[in-house]
Structures are given as structure tokens and as C-alpha cells.
Amino acid sequence: MEEVGEVEGALFEFTHEHQLRVKDEIRNKISALETALVNESLNSTSSLLRVEKYKESRQELDRKLDTQYQRRIAEALDNHLTAVQRDRELRSQIEERKIRSDAQYEEAKKKIALQEEKQRQEKAKAEAAAKLKAEEAKQAALESERKAAMEAKIRAATEAEKRAEKEATEAAARLTDNASSPSNAETKESGIVYRAAASTLNLEHGRLQKLKELYEQNQMIRSSSRQDYTRHESHISRLIRQIRGVRDNVRSKATDLTKLLNDPQCPQSISIEIFAKKIVSYCENPGNAPFASGYVIVLVTSQVPHAMDILLAELHRACLYTVPKHLVYRKATFQSKEAYFRTIGYKEDDGKMESTDDYLKRLESYMKVYGALVQTEIQNVQNLHGLQEGWAWLARFLNALPANQYTAVSLNAFLQMAGFALFRKYKSQFVKLLKVISENFLVDLKARNVPELTRTVVEIQTYIEDKKFLKEPEGRSLQSNLLSNQAFNNYN
């Protein structure tokens, strides 16, 4: 027991010493660790201080560099602005010098322009004065020519009226007694046989000759001059298309057309050619205003007398029954019926011949304008192709032309337009001619027994039997503005 106690005591002593030694080691290690931690903390603090000092020194350096950089930027900006300012000042000086130079140039240019304008005005005044003198001389010559032509026309009209009355009386007597023969009125031209009075063909030949001379003259003018008359032609055409059966409209269109025909910027011969062609072209339209057209033609040709013969020549070319004359169809003369149709005025479109109905409508339109023209009477204005010519036309027509669909339509249209005025002037003589129409012309028409003629025969017969020549035809008296305005308001 004592030995065990000693062992245990020794073991306990050893264990106790060991524990103390371990605790000392632990304490020493803890102390070493604490010392190490303290040193590490001190080192960290020192490092942080060094970092802070480095950071502060770096920031100080950056501030210095930034200041230097900003200073350099400011200097560069200042230098740039100074350069820009110098450049602007230089440009401004250049611009000012340029402006002064331009101003001087413009001033010099204005002075030159003023001098040129002054010279041009002086030249224009001189030309205007010369042109005025020439125009006055031309107007004086035209006026003298117009007066001479007017006097000649009046003399010719008086003689024609007497001759026409004589022809009409003789024609009425011959037709009433059935003494006239178709062969007496036949005339051959280049193998083509016409039915017409010799005096009629002479008048037509004279007008066509004047038209030919006018065309040749205008062709020479156009070939020797580069001037374009298209605008002038369009103006005349537009005025003619605007003709209406209103008094003020007729006056204004006639005045404007007369001014255009006397316009010194366009030769009068060309203006007359355009006027005649456009009037005849306007006549083709069934919707034209024949009486208003007649008024315009008379007003214009009273101021430009030469235009009447040219217009009649164009009308004769478009419609041979305005002459009056009739082309006789013979197989020996014409290769085909179409060739005959072409000769009497049928139109072709792409090789296709127009129908007889269309041709007769155009024929009727031409004759209505012609009939309206001859009966037009205007106070203090001489109609160069007035009632005496209409009377002569009717007498020559009945004395020479056969009764067929073409002559029937022509006669009917003429009577509708001119019958009223012819009766007022010639009274019983006109009634005698109507009797001739009823007893001879209509009888021959009916004898042909052509269904297409029935309507025309009835219209002519009704015109005579109902004495429609006693009533003024519609449209003969032009409307006043008041009536046209009232009609316009009623329409609206």
C-alpha cells in the first residue's frame, strides 16, 4: 500500500508538473501570440499610415498634375480663341473689303445700266416715234383703202342687188314656166361637171384667187421670218369659240378680234388667214351660234374688208353649196362613189369615209352660218355680204341646182336663217320664189321617192305653208345681259 501510494504520488507529482509545464508553454505561446498580434497590429497600423501618406502624396501629386493640365488646357484654349479671333477679324476684314469691292462694282454696274437704260429709252423713244409715224401712215393708208373698198363694195352691192333682183325675177319666171334646163347651167372644169350660174363661178374664182394669193404671201412671210404665231392663233381661236348670242359678248369678241387682226406684231394677212380658217372650223360645230357668228363676222369685216372675201373663199372650199354650185356625179368622171364624196367635201378618218348623215349635219351647219351672215343687219355698219347677196344666192340656187338630198338640206337651212329678213325686204318677190320652190323644187324632191328626204321635204313644205317666214327666227335678236343673267339665275 505504501509502495502504491508512492507511485501514485510520484505519478501525481509528474502529472502536476506536466500540467504546469504545459500551462507554462501555453501561457508562453499565448504571450508570444499576443506579442505577435500586437506586433502585427503595429505593423498593420504602420502600413496603413504609410498607405495614407502615399495616398495623400499621390493626391497632392495628382492635384499638381491636374492644375498643370488645366493650366495647359487654359493656355491652349486661350491660344485657340486668340487664333479664332484673329481668323475672324481677318475674315471680317476680307469680307468688308469684298463688300466694298462688290458695292463699288454694283455702283459701277448701276451707272452702266443707267447709261444703257437711258440710251435704250432714247432709242425706244426714237423707235416709238418712228413706229408711231409709220403706224399713222399705215392707219391712214388702211383707212383710205378701207374707205375705197367700202365705197367699191357699196357700189358693187348696189349693182349686185339690182342684178340679183333681176336674176331672181327672171329665175322665178323661168322656173314657173319650166323654161330652165339643167344643161344651161352646166360648166366643165377639168372634166368635172358643175351645175351653177356663170356669174356665181366667176365670183367664186375671184375669191379663191384672192385666197391663193394670201396663202402664197403668208408662206413667204413665214419662210423669211422665224417668228412663231401659234400664240396669236390660239388667242383668235379662243375668242371665236367663246362667241355667244349675247349682245355684249358679240361686241367684245368682235372688238378683240378686230384688234388682233390689226395687231402690228403679226402681219395682217396671217391674222386674216387664221380668222377665216377658225370661223369656218367653228361653223362645223352644230352647237355654234349662227346669228351671233354672223354679227361678229359683219362687225370685224366692216373694219377689215379684205377678210370678207377670204372668209367666203374658205367657206366655199368647205361647202360648195354656199357658192351655190353642185357637182354632177358621172361614172366616167369618178373612179368610185367614194372619190365623188371626197370631191364634194366628205371627210375621211383613218381611211374611213364619214357617213352621209354626218356630212349633211356639217352641210346644214355651214349653210346656217351663211344664211345668218347674209341677213345680218347692224345700224351704221355695212354688211359687205348682205341681203342682196342672199337674194342672189337663192335665185342662182333655184335657177341652176337640181333637187336632191344635199341641195334640200342646204335650202332648208338657208330659209330657216335668212327667210324672215328676205321677206321683209323683197315682200312679194320672195313669195314668188317660195312658190317656185313649192311647185318645182319640192315636186322634184318628192318624185325622187327617197325616204331620207321625207323629213327635209316636210320641213320646207311646212315653212312655206305655215308662213314661218313671217316670224323672226329664234336667236336672231341677241339677248341683253339682263336676260342672260336672269336665265343664269333661273338655271341656278
# chains A, B, ... in the order shown; residues from 1 in each chain; ligands from 1
>>> residues_around(residues="region 333-344 of chain A", least_positions_apart="2", cutoff="9 Å", atoms="only C-alpha atoms", output="list in words")
Gly191, Ile192, Val193, Ala318, Cys319, Leu320, His326, Leu327, Val328, Tyr329, Arg330, Lys331, Tyr346, Lys347, Glu348 and Met353 of chain A
>>> write_last_selection(atoms="C-alpha atoms", output="CSV table (one decimal), in the first residue's frame")
chain,number,residue,atom,x,y,z
A,191,GLY,CA,-63.6,67.0,-166.8
A,192,ILE,CA,-65.8,67.7,-163.7
A,193,VAL,CA,-69.3,68.9,-164.4
A,318,ALA,CA,-65.6,73.8,-147.1
A,319,CYS,CA,-69.1,73.7,-148.6
A,320,LEU,CA,-69.7,74.2,-152.3
A,326,HIS,CA,-73.5,71.3,-157.4
A,327,LEU,CA,-71.0,68.7,-158.6
A,328,VAL,CA,-72.7,66.2,-161.0
A,329,TYR,CA,-71.8,62.5,-160.4
A,330,ARG,CA,-70.8,60.6,-163.6
A,331,LYS,CA,-69.2,57.3,-163.6
A,346,TYR,CA,-66.9,64.2,-147.3
A,347,LYS,CA,-64.2,63.7,-144.6
A,348,GLU,CA,-62.0,60.7,-144.1
A,353,MET,CA,-65.4,57.8,-145.1
>>> residues_around(residues="region 239-251 of chain A", least_positions_apart="5", cutoff="9 Å", atoms="only C-alpha atoms", output="list of chain:residue names")
A:Ser234, A:Asp256, A:Leu257, A:Phe275, A:Lys278, A:Ile279, A:Tyr282, A:Asn288, A:Ala289, A:Pro290, A:Phe291, A:Ala292, A:Ser293, A:Tyr295, A:Val296, A:Leu299, A:Gly475, A:Arg476, A:Ser477, A:Leu478, A:Gln479, A:Ser480, A:Asn481, A:Leu483, A:Ser484
>>> write_last_selection(atoms="C-alpha atoms", output="short mmCIF file (atom, residue, chain, number, x, y, z; two decimals), in the first residue's frame")
data_model
loop_
_atom_site.label_atom_id
_atom_site.label_comp_id
_atom_site.auth_asym_id
_atom_site.auth_seq_id
_atom_site.Cartn_x
_atom_site.Cartn_y
_atom_site.Cartn_z
CA SER A 234 -54.66 80.36 -130.11
CA ASP A 256 -60.99 91.92 -129.54
CA LEU A 257 -60.81 90.11 -132.89
CA PHE A 275 -59.53 84.29 -138.60
CA LYS A 278 -61.11 79.36 -137.37
CA ILE A 279 -64.53 80.83 -138.24
CA TYR A 282 -66.29 76.85 -135.80
CA ASN A 288 -72.45 77.03 -132.81
CA ALA A 289 -74.41 80.28 -132.56
CA PRO A 290 -75.02 81.14 -136.26
CA PHE A 291 -76.68 84.52 -135.73
CA ALA A 292 -74.07 85.61 -133.18
CA SER A 293 -71.34 84.42 -135.57
CA TYR A 295 -72.88 89.59 -136.13
CA VAL A 296 -69.21 89.07 -135.27
CA LEU A 299 -68.53 93.80 -137.29
CA GLY A 475 -81.65 83.74 -131.79
CA ARG A 476 -81.79 86.42 -134.50
CA SER A 477 -82.17 89.16 -131.90
CA LEU A 478 -79.27 89.00 -129.48
CA GLN A 479 -80.01 88.71 -125.78
CA SER A 480 -79.21 91.55 -123.42
CA ASN A 481 -77.12 90.99 -120.31
CA LEU A 483 -81.92 88.44 -119.92
CA SER A 484 -78.83 86.28 -119.82
#
>>> residues_around(residues="Tyr229 (chain A)", least_positions_apart="2", cutoff="12 Å", atoms="only C-alpha atoms", output="list in words")
Asn218, Ile221, Arg222, Ser225, Arg226, Gln227, Arg231, His232, Glu233, Ser234, His235, Ile236, Leu260, Asp263, Gln265, Cys266, Pro267, Gln268, Ile270, Ser271, Glu273 and Ile274 of chain A
>>> write_last_selection(atoms="C-alpha atoms", output="CSV table (one decimal), in the first residue's frame")
chain,number,residue,atom,x,y,z
A,218,ASN,CA,-48.1,84.3,-145.9
A,221,ILE,CA,-43.6,85.7,-144.6
A,222,ARG,CA,-43.3,82.5,-142.6
A,225,SER,CA,-39.3,85.1,-140.6
A,226,ARG,CA,-38.6,82.9,-137.5
A,227,GLN,CA,-41.5,84.4,-135.6
A,231,ARG,CA,-50.0,82.1,-129.5
A,232,HIS,CA,-51.7,84.7,-131.8
A,233,GLU,CA,-53.6,81.8,-133.5
A,234,SER,CA,-54.7,80.4,-130.1
A,235,HIS,CA,-55.9,83.8,-129.0
A,236,ILE,CA,-58.1,84.2,-132.1
A,260,LEU,CA,-55.9,91.1,-133.2
A,263,ASP,CA,-52.1,93.9,-134.3
A,265,GLN,CA,-46.9,92.3,-134.1
A,266,CYS,CA,-48.5,89.9,-136.5
A,267,PRO,CA,-48.8,90.6,-140.3
A,268,GLN,CA,-52.5,91.3,-141.1
A,270,ILE,CA,-51.7,86.0,-141.5
A,271,SER,CA,-54.3,87.2,-139.0
A,273,GLU,CA,-56.0,83.7,-142.7
A,274,ILE,CA,-56.2,82.4,-139.2
>>> residues_around(residues="Ala276 (chain A)", least_positions_apart="6", cutoff="7 Å", atoms="only C-alpha atoms", output="MDAnalysis selection string")
chainID A and resid 310:311 314
>>> write_last_selection(atoms="N, CA and C atoms", output="compact mmCIF listing (two decimals), in the first residue's frame")
# COMPACT_ATOMS: atom_id res chain seq x y z
N ILE A 310 -61.87 86.55 -148.10
CA ILE A 310 -61.08 85.38 -147.67
C ILE A 310 -61.96 84.40 -146.90
N LEU A 311 -62.82 84.95 -146.03
CA LEU A 311 -63.73 84.09 -145.27
C LEU A 311 -64.70 83.36 -146.19
N GLU A 314 -62.87 80.55 -147.98
CA GLU A 314 -62.72 79.39 -147.11
C GLU A 314 -64.04 78.64 -146.95
>>> closest_residue(among="A:Ala140, A:Val280, A:Leu470, A:Ala103", to="His316 (chain A)", atoms="only C-alpha atoms")
A:Val280
>>> atom_distance(atom1="CA of Ala76 (chain A)", atom2="CA of Arg91 (chain A)")
21.9 Å
>>> select_by_dssp(residues="region 177-364 of chain A", states="strand (DSSP E)", output="count of residues only")
14
>>> residues_around(residues="Gly390 (chain A)", least_positions_apart="3", cutoff="9 Å", atoms="only C-alpha atoms", output="PyMOL selection string")
chain A and resi 164+370-371+373-375+385-387+393-395+414+418+422
>>> write_last_selection(atoms="N, CA and C atoms", output="compact mmCIF listing (two decimals), in the first residue's frame")
# COMPACT_ATOMS: atom_id res chain seq x y z
N ALA A 164 -79.23 90.98 -158.81
CA ALA A 164 -79.83 89.82 -158.15
C ALA A 164 -81.34 89.85 -158.25
N TYR A 370 -73.95 80.70 -143.12
CA TYR A 370 -74.00 81.54 -144.31
C TYR A 370 -75.33 82.30 -144.36
N GLY A 371 -76.44 81.60 -144.11
CA GLY A 371 -77.74 82.27 -144.10
C GLY A 371 -77.83 83.36 -143.04
N LEU A 373 -75.31 85.05 -141.89
CA LEU A 373 -74.42 86.14 -142.29
C LEU A 373 -75.11 87.11 -143.25
N VAL A 374 -75.75 86.57 -144.31
CA VAL A 374 -76.31 87.46 -145.34
C VAL A 374 -77.47 88.29 -144.80
N GLN A 375 -78.16 87.80 -143.77
CA GLN A 375 -79.32 88.55 -143.28
C GLN A 375 -78.98 89.49 -142.11
N HIS A 385 -71.54 91.51 -147.32
CA HIS A 385 -72.16 90.37 -148.00
C HIS A 385 -73.57 90.22 -147.42
N GLY A 386 -74.38 91.21 -147.71
CA GLY A 386 -75.67 91.32 -147.06
C GLY A 386 -76.83 90.67 -147.80
N LEU A 387 -78.03 91.25 -147.57
CA LEU A 387 -79.25 90.62 -148.07
C LEU A 387 -79.29 90.48 -149.59
N TRP A 393 -78.11 84.57 -154.07
CA TRP A 393 -77.82 83.15 -153.83
C TRP A 393 -79.07 82.30 -154.05
N LEU A 394 -80.21 82.75 -153.52
CA LEU A 394 -81.44 81.98 -153.64
C LEU A 394 -81.88 81.88 -155.10
N ALA A 395 -81.77 83.00 -155.84
CA ALA A 395 -82.16 82.97 -157.25
C ALA A 395 -81.25 82.04 -158.05
N PHE A 414 -80.85 77.46 -145.19
CA PHE A 414 -80.78 78.87 -145.61
C PHE A 414 -82.09 79.60 -145.31
N ALA A 418 -82.41 82.94 -143.15
CA ALA A 418 -82.50 84.21 -143.88
C ALA A 418 -83.89 84.52 -144.40
N LEU A 422 -85.33 88.23 -145.75
CA LEU A 422 -85.58 88.36 -147.19
C LEU A 422 -87.04 88.77 -147.47
>>> residues_around(residues="region 405-413 of chain A", least_positions_apart="2", cutoff="10 Å", atoms="only C-alpha atoms", output="VMD selection string")
chain A and resid 319 321 to 322 324 to 326 356 359 to 361 363 to 372 394 397 to 398 401 to 403 415 to 419 437 441 to 442 445 448 450 452 to 457 459 to 461 463
>>> write_last_selection(atoms="N, CA and C atoms", output="short mmCIF file (atom, residue, chain, number, x, y, z; two decimals), in the first residue's frame")
data_model
loop_
_atom_site.label_atom_id
_atom_site.label_comp_id
_atom_site.auth_asym_id
_atom_site.auth_seq_id
_atom_site.Cartn_x
_atom_site.Cartn_y
_atom_site.Cartn_z
N CYS A 319 -67.72 74.14 -148.16
CA CYS A 319 -69.09 73.75 -148.56
C CYS A 319 -69.41 74.39 -149.91
N TYR A 321 -72.00 74.35 -151.60
CA TYR A 321 -73.37 74.86 -151.74
C TYR A 321 -73.51 76.30 -151.24
N THR A 322 -72.48 76.83 -150.58
CA THR A 322 -72.51 78.26 -150.23
C THR A 322 -72.18 79.10 -151.45
N PRO A 324 -73.68 79.28 -154.88
CA PRO A 324 -74.00 77.84 -154.77
C PRO A 324 -73.63 77.12 -156.08
N LYS A 325 -73.18 75.88 -155.94
CA LYS A 325 -72.95 75.03 -157.12
C LYS A 325 -73.07 73.58 -156.69
N HIS A 326 -73.31 72.74 -157.67
CA HIS A 326 -73.48 71.31 -157.40
C HIS A 326 -72.60 70.52 -158.35
N THR A 356 -73.16 59.73 -144.58
CA THR A 356 -73.91 60.81 -145.23
C THR A 356 -74.64 61.66 -144.19
N TYR A 359 -72.16 64.10 -142.83
CA TYR A 359 -71.86 65.11 -143.84
C TYR A 359 -72.99 66.13 -143.94
N LEU A 360 -74.24 65.63 -143.93
CA LEU A 360 -75.38 66.54 -144.04
C LEU A 360 -75.50 67.45 -142.81
N LYS A 361 -75.10 66.94 -141.64
CA LYS A 361 -75.13 67.79 -140.45
C LYS A 361 -74.13 68.94 -140.58
N LEU A 363 -72.99 70.10 -143.44
CA LEU A 363 -73.53 70.93 -144.52
C LEU A 363 -74.58 71.90 -143.98
N GLU A 364 -75.45 71.39 -143.14
CA GLU A 364 -76.51 72.23 -142.55
C GLU A 364 -75.89 73.33 -141.67
N SER A 365 -74.84 72.99 -140.92
CA SER A 365 -74.20 73.99 -140.06
C SER A 365 -73.57 75.10 -140.88
N TYR A 366 -72.87 74.72 -141.98
CA TYR A 366 -72.26 75.72 -142.85
C TYR A 366 -73.34 76.66 -143.43
N MET A 367 -74.42 76.07 -143.92
CA MET A 367 -75.46 76.87 -144.56
C MET A 367 -76.19 77.76 -143.56
N LYS A 368 -76.32 77.31 -142.32
CA LYS A 368 -76.97 78.16 -141.31
C LYS A 368 -76.13 79.39 -141.02
N VAL A 369 -74.81 79.20 -140.91
CA VAL A 369 -73.94 80.35 -140.68
C VAL A 369 -73.97 81.29 -141.89
N TYR A 370 -73.95 80.70 -143.12
CA TYR A 370 -74.00 81.54 -144.31
C TYR A 370 -75.33 82.30 -144.36
N GLY A 371 -76.44 81.60 -144.11
CA GLY A 371 -77.74 82.27 -144.10
C GLY A 371 -77.83 83.36 -143.04
N ALA A 372 -77.26 83.09 -141.86
CA ALA A 372 -77.26 84.10 -140.79
C ALA A 372 -76.40 85.29 -141.18
N LEU A 394 -80.21 82.75 -153.52
CA LEU A 394 -81.44 81.98 -153.64
C LEU A 394 -81.88 81.88 -155.10
N PHE A 397 -79.46 79.59 -156.91
CA PHE A 397 -79.68 78.22 -156.43
C PHE A 397 -80.85 77.59 -157.17
N LEU A 398 -81.98 78.28 -157.21
CA LEU A 398 -83.19 77.72 -157.83
C LEU A 398 -83.04 77.62 -159.34
N LEU A 401 -79.37 74.65 -159.62
CA LEU A 401 -79.09 73.43 -158.88
C LEU A 401 -80.26 72.44 -158.94
N PRO A 402 -79.94 71.15 -159.02
CA PRO A 402 -81.01 70.13 -159.05
C PRO A 402 -81.57 69.88 -157.64
N ALA A 403 -82.67 69.19 -157.59
CA ALA A 403 -83.29 68.85 -156.30
C ALA A 403 -82.77 67.49 -155.85
N LEU A 415 -83.22 78.97 -145.68
CA LEU A 415 -84.53 79.61 -145.44
C LEU A 415 -84.79 79.82 -143.95
N GLN A 416 -84.42 78.83 -143.12
CA GLN A 416 -84.64 78.96 -141.68
C GLN A 416 -83.92 80.19 -141.13
N MET A 417 -82.74 80.48 -141.66
CA MET A 417 -81.93 81.59 -141.15
C MET A 417 -82.28 82.93 -141.81
N ALA A 418 -82.41 82.94 -143.15
CA ALA A 418 -82.50 84.21 -143.88
C ALA A 418 -83.89 84.52 -144.40
N GLY A 419 -84.82 83.57 -144.36
CA GLY A 419 -86.14 83.80 -144.95
C GLY A 419 -86.87 84.99 -144.37
N ILE A 437 -90.33 77.24 -155.31
CA ILE A 437 -89.81 76.13 -154.51
C ILE A 437 -90.89 75.09 -154.29
N PHE A 441 -89.27 72.74 -157.01
CA PHE A 441 -88.20 72.08 -156.26
C PHE A 441 -88.75 70.94 -155.40
N LEU A 442 -89.82 71.22 -154.65
CA LEU A 442 -90.39 70.18 -153.78
C LEU A 442 -91.01 69.04 -154.59
N LEU A 445 -88.24 66.85 -155.59
CA LEU A 445 -87.77 66.07 -154.44
C LEU A 445 -88.68 64.89 -154.16
N ARG A 448 -88.40 61.90 -156.43
CA ARG A 448 -87.27 61.00 -156.22
C ARG A 448 -87.64 59.83 -155.29
N VAL A 450 -87.26 59.26 -152.08
CA VAL A 450 -86.16 58.83 -151.21
C VAL A 450 -86.61 58.99 -149.76
N GLU A 452 -85.05 59.13 -147.02
CA GLU A 452 -84.23 60.04 -146.22
C GLU A 452 -84.59 61.51 -146.43
N LEU A 453 -85.28 61.80 -147.55
CA LEU A 453 -85.64 63.18 -147.85
C LEU A 453 -86.96 63.60 -147.22
N THR A 454 -87.70 62.66 -146.68
CA THR A 454 -89.05 62.95 -146.19
C THR A 454 -89.05 64.07 -145.15
N ARG A 455 -88.16 63.97 -144.16
CA ARG A 455 -88.15 64.98 -143.09
C ARG A 455 -87.83 66.38 -143.64
N THR A 456 -86.86 66.45 -144.52
CA THR A 456 -86.48 67.76 -145.08
C THR A 456 -87.60 68.32 -145.95
N VAL A 457 -88.23 67.47 -146.75
CA VAL A 457 -89.36 67.91 -147.60
C VAL A 457 -90.48 68.47 -146.73
N GLU A 459 -90.26 69.70 -143.71
CA GLU A 459 -89.85 70.96 -143.07
C GLU A 459 -89.96 72.14 -144.03
N ILE A 460 -89.51 71.96 -145.28
CA ILE A 460 -89.61 73.05 -146.26
C ILE A 460 -91.07 73.35 -146.58
N GLN A 461 -91.84 72.31 -146.77
CA GLN A 461 -93.26 72.50 -147.10
C GLN A 461 -93.98 73.19 -145.95
N TYR A 463 -92.63 75.14 -143.72
CA TYR A 463 -92.13 76.51 -143.66
C TYR A 463 -92.91 77.43 -144.61
#
